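Below: one structure, written as C-alpha cells.
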Amino acid sequence: MQLESLVKLTDAGIRKGDRWLVRDVSLEVNRGEIVTLIGPNGAGKTTTAKMALGLLSLTEGVAEQAKHLVIGYVPQKLMIDWTLPLTVWRFLRLTQACSIEDAKDALDATDSSKLLYADLKTLSGGEFQRVLLSRALLKKPDLLVLDEPVQGVDFTGEQALYRLIERIRTRFGCGILLISHDLHIVMSSTDRVICLNGHVCCSGTPELVSNSPEFQQLFGSRLASSIAIYEHMHDHHHAPDGHIESHANCGSLPQGDRG
Amino acid sequence: MFDDFLIRALIGGLGVALVAGPLGCFVVWRRLAYFGDTLSHSALLGVALALLFEANVTLVVFLTAAMISLALLVLKKVAPLSSDALLGLLAHSVLAIGLIVLSFMTWVRVDLMGFLFGDILAISETDLLIIWLGGALVLAALAYIWRGLFCATVSRDIAQAEGLHPERMEFIFTVLMALVIAISMKIVGVLLITALLIIPAATARQVSHSPEQMAGFSVLVGMIAVGAGLTGSFHWDTPTGPSIVASLIALFVVTLLAVRLVRAVQESKSSARGYAAHD
C-alpha cells in the first residue's frame, strides 16, 4: 500500500533568543499511523507538535502538510475562563457547525455521551480529556494531534484512553501524532516512537527504541522492565546541593541549559 | 410628553446597546477592559483632531482609535513591556495629548463635559444614521467572524491549528471595537464607553449558559439601561452617560442578588427534600 504522508518535518528547528528550543527534528506521520513523541519535560515535544501543526514559524528546516489536510488538535493545556458560559454541546461546535446526532456520535466514541449538556467547568480531568478528544474527532480529521491526552486521568482511565486512541485510528483511518511522557503504555500501541530531547535522540519501532542505548540513558533502564512507572522521568540528577548534573550524551540539549 | 431630542437619544442609545452587547462579551471573555479604556481615551484625541481639522467627529474618532490599536500591535512586538503597561502608556498619553490639543484651540468653545459624559441634546439625525448604519456594519462583521473569534478566545492554538485564522479575527475585532467606540461616544461619553461594553456582559453572564445567549442578554440589559438612564437623565437633569451607567450597575446588582436568592431557595428546597427522604 502506498503511504500517504500527512505531515512532515525536515531538519526543523526553532531558536528563541540564543537558545534552540528544538533543532534538527525530522519526522513524518502517514495515514493510519500512530507516531509517538516522548521525552522529558522541556524536551520540545509540544514545540515539535506545534511545528508540525504550523503554529510556529521555523528558524530552520521545512514543515510540510498535505493539501487540504483536516486537523483535529487536542492541546496540552486548555483553561476555560470562568467568564465563558460553555456547555459540552457548544464546545463541540467550536470550529465548525455540526448536527446533534454527530455530536452524540463523537461523544459515544469516547464513552461520554451523557456529558452532552454538561457545563464544561464541571467536568473531571478525565471527562474533559474525552470531550477534547470528541471535539477533535468531530471534524473527521486526517491527522489527529494529541498533546499529552491522558493528563489528569487516573491509571485505569489512562489505559482506557490509550485503547480508545487505538480504536480511533482503526475506525477513522487517520494519522495520529501523540505526545506522551508515559512510555510503557504508549509503546505497546504505537507504530513509531520518536525520542526527543531538544533533538531527535532516537526513533523507530517501540522495541528498537526501548533497546537503544540513547533511550536507556535518557529514561533509565527501569523502563525496560514491564512495570509501568507513572512518575515523570528526569534526564538529569540533582547533586546534593540541588545543582543539576546533566547526562553527557543524549541528556543535554544542543545549546541549552534546561533539563 | 417626551421631546424630540429624547426620542432621538433613545433610538441612538438602543442602537448602541445593540452593538455594545455582543462586542462587550468578547471584551469580558478576552479580558480587554483596559484595552477598551485605552481606545475610549484615544477618542478624546480624536475629538480634538476633528475640531482642529473641522472634520466629522465620528470618522476622526474611529480613525484615531484604529491607529491607536495598530500602535499597540506594533509596540507589543518591539517594546519589552507587558500589555497592561503598554496600554497604560498609550491611554494616558493620548488623553494628555488630546487635552493639550483642545486647550490650544481657544477659538473653539468646546463643551468638554459633553464629550466626556455624553450629551443627548447633541444627537442629530445624522448621528442616528451613523449609529445605525455603523452598528449594522459592526454586527454583520461580528456575525461573520463569530465562530472564529470565539474559538480563538477559547484556544488560540486550536483556532490556528484547525485553520480559523485567529490573527485575522482578532484584527477585525480590534477595528470593530474602534468603530463601536466612535459611534457610541455621543451617547455615553468618552469616559464611560467601557462600562457600556462590560457591565451588560457581566450582568448577562450570571444568567447565561452559552456564549450566544450571553450576547443576547447583554443586548437586553444594555437596552433596558439606556431606556432607564435616559428617562432619569430627562427627569432629574443628570448627565446622560452617568445615568445610563448607574442604571447598568443597578441592573447588575439586582441580577446578582436575584440569582443568589433563586439559588438559595433551590438549595433549601433540595435539602428539605433530602431530609424528607431521610424520614
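Chain labels follow the order of the C-alpha cells: the first chain is A, the next B, and so on; residue numbering restarts at 1 in every chain, and ligands are counted from 1 in their shown order.
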Open item on the list: Going by DSSP on the backbone, which residues of segment 39-163 of chain A come out as alpha helix (DSSP H)? List them as number ranges by chain.
Closed with: A: 45-53, 88-92, 100-109, 125-138, 155-163
Could you please take those selected residues and save C-alpha atoms as a PDB file, in the first residue's frame?
ATOM      1  CA  LYS A  45       7.662  17.791  22.474  1.00  0.00           C
ATOM      2  CA  THR A  46       4.934  20.417  22.377  1.00  0.00           C
ATOM      3  CA  THR A  47       7.130  22.723  20.311  1.00  0.00           C
ATOM      4  CA  THR A  48       7.660  19.911  17.806  1.00  0.00           C
ATOM      5  CA  ALA A  49       3.939  19.222  17.607  1.00  0.00           C
ATOM      6  CA  LYS A  50       3.282  22.914  17.083  1.00  0.00           C
ATOM      7  CA  MET A  51       5.846  22.995  14.295  1.00  0.00           C
ATOM      8  CA  ALA A  52       4.044  20.124  12.602  1.00  0.00           C
ATOM      9  CA  LEU A  53       0.722  21.919  13.078  1.00  0.00           C
ATOM     10  CA  VAL A  88     -20.028  20.493  26.041  1.00  0.00           C
ATOM     11  CA  TRP A  89     -22.547  20.753  23.201  1.00  0.00           C
ATOM     12  CA  ARG A  90     -21.413  24.296  22.357  1.00  0.00           C
ATOM     13  CA  PHE A  91     -17.756  23.384  22.798  1.00  0.00           C
ATOM     14  CA  LEU A  92     -18.089  20.552  20.277  1.00  0.00           C
ATOM     15  CA  ILE A 100     -26.652  16.990  17.397  1.00  0.00           C
ATOM     16  CA  GLU A 101     -26.533  13.394  16.082  1.00  0.00           C
ATOM     17  CA  ASP A 102     -22.909  13.844  15.007  1.00  0.00           C
ATOM     18  CA  ALA A 103     -22.114  15.397  18.375  1.00  0.00           C
ATOM     19  CA  LYS A 104     -23.658  12.427  20.166  1.00  0.00           C
ATOM     20  CA  ASP A 105     -21.732  10.025  17.943  1.00  0.00           C
ATOM     21  CA  ALA A 106     -18.466  11.762  18.708  1.00  0.00           C
ATOM     22  CA  LEU A 107     -19.172  11.636  22.431  1.00  0.00           C
ATOM     23  CA  ASP A 108     -20.190   7.979  22.098  1.00  0.00           C
ATOM     24  CA  ALA A 109     -16.836   7.259  20.532  1.00  0.00           C
ATOM     25  CA  GLY A 125      -9.978  15.776  34.303  1.00  0.00           C
ATOM     26  CA  GLY A 126     -10.728  12.524  32.530  1.00  0.00           C
ATOM     27  CA  GLU A 127     -14.121  13.665  31.286  1.00  0.00           C
ATOM     28  CA  PHE A 128     -12.596  16.871  29.976  1.00  0.00           C
ATOM     29  CA  GLN A 129      -9.914  14.982  28.052  1.00  0.00           C
ATOM     30  CA  ARG A 130     -12.592  12.763  26.498  1.00  0.00           C
ATOM     31  CA  VAL A 131     -14.607  15.780  25.452  1.00  0.00           C
ATOM     32  CA  LEU A 132     -11.499  17.381  23.950  1.00  0.00           C
ATOM     33  CA  LEU A 133     -10.902  14.182  22.013  1.00  0.00           C
ATOM     34  CA  SER A 134     -14.527  14.009  20.853  1.00  0.00           C
ATOM     35  CA  ARG A 135     -14.329  17.565  19.592  1.00  0.00           C
ATOM     36  CA  ALA A 136     -11.193  16.788  17.624  1.00  0.00           C
ATOM     37  CA  LEU A 137     -12.879  13.691  16.149  1.00  0.00           C
ATOM     38  CA  LEU A 138     -15.975  15.584  15.020  1.00  0.00           C
ATOM     39  CA  PHE A 155      -4.465   4.820  35.877  1.00  0.00           C
ATOM     40  CA  THR A 156      -7.405   2.787  34.573  1.00  0.00           C
ATOM     41  CA  GLY A 157      -8.776   5.789  32.736  1.00  0.00           C
ATOM     42  CA  GLU A 158      -5.402   6.227  31.134  1.00  0.00           C
ATOM     43  CA  GLN A 159      -5.324   2.697  29.792  1.00  0.00           C
ATOM     44  CA  ALA A 160      -8.876   3.071  28.529  1.00  0.00           C
ATOM     45  CA  LEU A 161      -7.949   6.305  26.759  1.00  0.00           C
ATOM     46  CA  TYR A 162      -4.997   4.689  25.024  1.00  0.00           C
ATOM     47  CA  ARG A 163      -7.169   1.793  23.895  1.00  0.00           C
TER      48      ARG A 163
END
- [ ] List every residue of segment 11-188 of chain A that DSSP, applied to the backbone of this structure, assigns to strand (DSSP E), and report them as a ChimeraX atom specification.
- [x] /A:11-16,19-30,34-38,60-65,71-74,143-147,175-179
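Between chain A and the candidates B:Arg8, B:Lys76, B:His41, B:His165, the tightest atom-to-atom separation, counting only C-alpha atoms, involves B:His165.
When only C-alpha atoms are used to measure the gap to Arg31 of chain B, the shortest distance among B:Thr174, B:Thr106, B:Thr153, B:Ser218 belongs to B:Thr153.
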Open item on the list: For a quick test of understanding: name the residues of chain A lying within 9 Å of chain B when counting only C-alpha atoms, and present them as a PyMOL selection string.
Closed with: chain A and resi 50+53-55+70-75+78-87+90-91+93-96+119
Task: Selected residue of minimal separation from Thr170 of chain A among A:Asp18, A:Glu33, A:Glu4, A:Asp24, counting only C-alpha atoms - done: A:Glu33
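Between atom CA of Arg31 of chain A and atom CA of Cys174 of chain A lies a distance of 5.4 Å.
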Task: Residue neighbourhood Ile130 of chain B, 12 Å, only C-alpha atoms, exclusion window fewer than 2 positions, as a ChimeraX atom specification - done: /B:11-12,15-16,56-59,62,123-128,132-138,179-180,182-186
Expected file contents, prior selection, C-alpha atoms, as a PDB file, in the first residue's frame:
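The resulting file, again_20.pdb, is reproduced below:
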ATOM      1  CA  ILE B  11     -33.153  55.489  19.214  1.00  0.00           C
ATOM      2  CA  GLY B  12     -29.421  56.194  19.254  1.00  0.00           C
ATOM      3  CA  GLY B  15     -28.635  51.186  18.603  1.00  0.00           C
ATOM      4  CA  VAL B  16     -25.504  51.486  20.686  1.00  0.00           C
ATOM      5  CA  ASN B  56     -16.600  64.675  11.029  1.00  0.00           C
ATOM      6  CA  VAL B  57     -16.112  63.782  14.703  1.00  0.00           C
ATOM      7  CA  THR B  58     -17.239  60.146  14.467  1.00  0.00           C
ATOM      8  CA  LEU B  59     -14.992  59.450  11.497  1.00  0.00           C
ATOM      9  CA  PHE B  62     -12.797  55.977  14.613  1.00  0.00           C
ATOM     10  CA  ILE B 123     -27.661  63.916  18.918  1.00  0.00           C
ATOM     11  CA  SER B 124     -28.698  64.810  15.403  1.00  0.00           C
ATOM     12  CA  GLU B 125     -30.440  62.759  12.764  1.00  0.00           C
ATOM     13  CA  THR B 126     -27.082  62.320  11.054  1.00  0.00           C
ATOM     14  CA  ASP B 127     -25.728  60.846  14.272  1.00  0.00           C
ATOM     15  CA  LEU B 128     -28.597  58.392  14.345  1.00  0.00           C
ATOM     16  CA  TRP B 132     -27.496  52.509  12.993  1.00  0.00           C
ATOM     17  CA  LEU B 133     -25.548  52.098   9.761  1.00  0.00           C
ATOM     18  CA  GLY B 134     -22.267  51.716  11.623  1.00  0.00           C
ATOM     19  CA  GLY B 135     -23.927  49.420  14.122  1.00  0.00           C
ATOM     20  CA  ALA B 136     -25.388  47.241  11.371  1.00  0.00           C
ATOM     21  CA  LEU B 137     -21.944  47.011   9.809  1.00  0.00           C
ATOM     22  CA  VAL B 138     -20.358  46.035  13.131  1.00  0.00           C
ATOM     23  CA  LEU B 179     -15.964  51.602  15.351  1.00  0.00           C
ATOM     24  CA  VAL B 180     -18.217  50.976  18.336  1.00  0.00           C
ATOM     25  CA  ALA B 182     -16.686  56.078  17.711  1.00  0.00           C
ATOM     26  CA  ILE B 183     -20.420  55.598  17.310  1.00  0.00           C
ATOM     27  CA  SER B 184     -21.297  55.315  20.984  1.00  0.00           C
ATOM     28  CA  MET B 185     -19.256  58.294  22.152  1.00  0.00           C
ATOM     29  CA  LYS B 186     -22.044  60.820  21.812  1.00  0.00           C
TER      30      LYS B 186
END
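The two atoms in question, atom CA of Gln76 of chain A and atom CA of Val150 of chain A, are spaced 9.6 Å apart.
Using only C-alpha atoms, the nearest neighbour of Ala85 of chain B within the list B:Leu51, B:Phe35, B:Ile199, B:Leu44 is B:Phe35.
In this structure, atom CA of Val60 of chain B sits 13.8 Å away from atom CA of Val190 of chain B.
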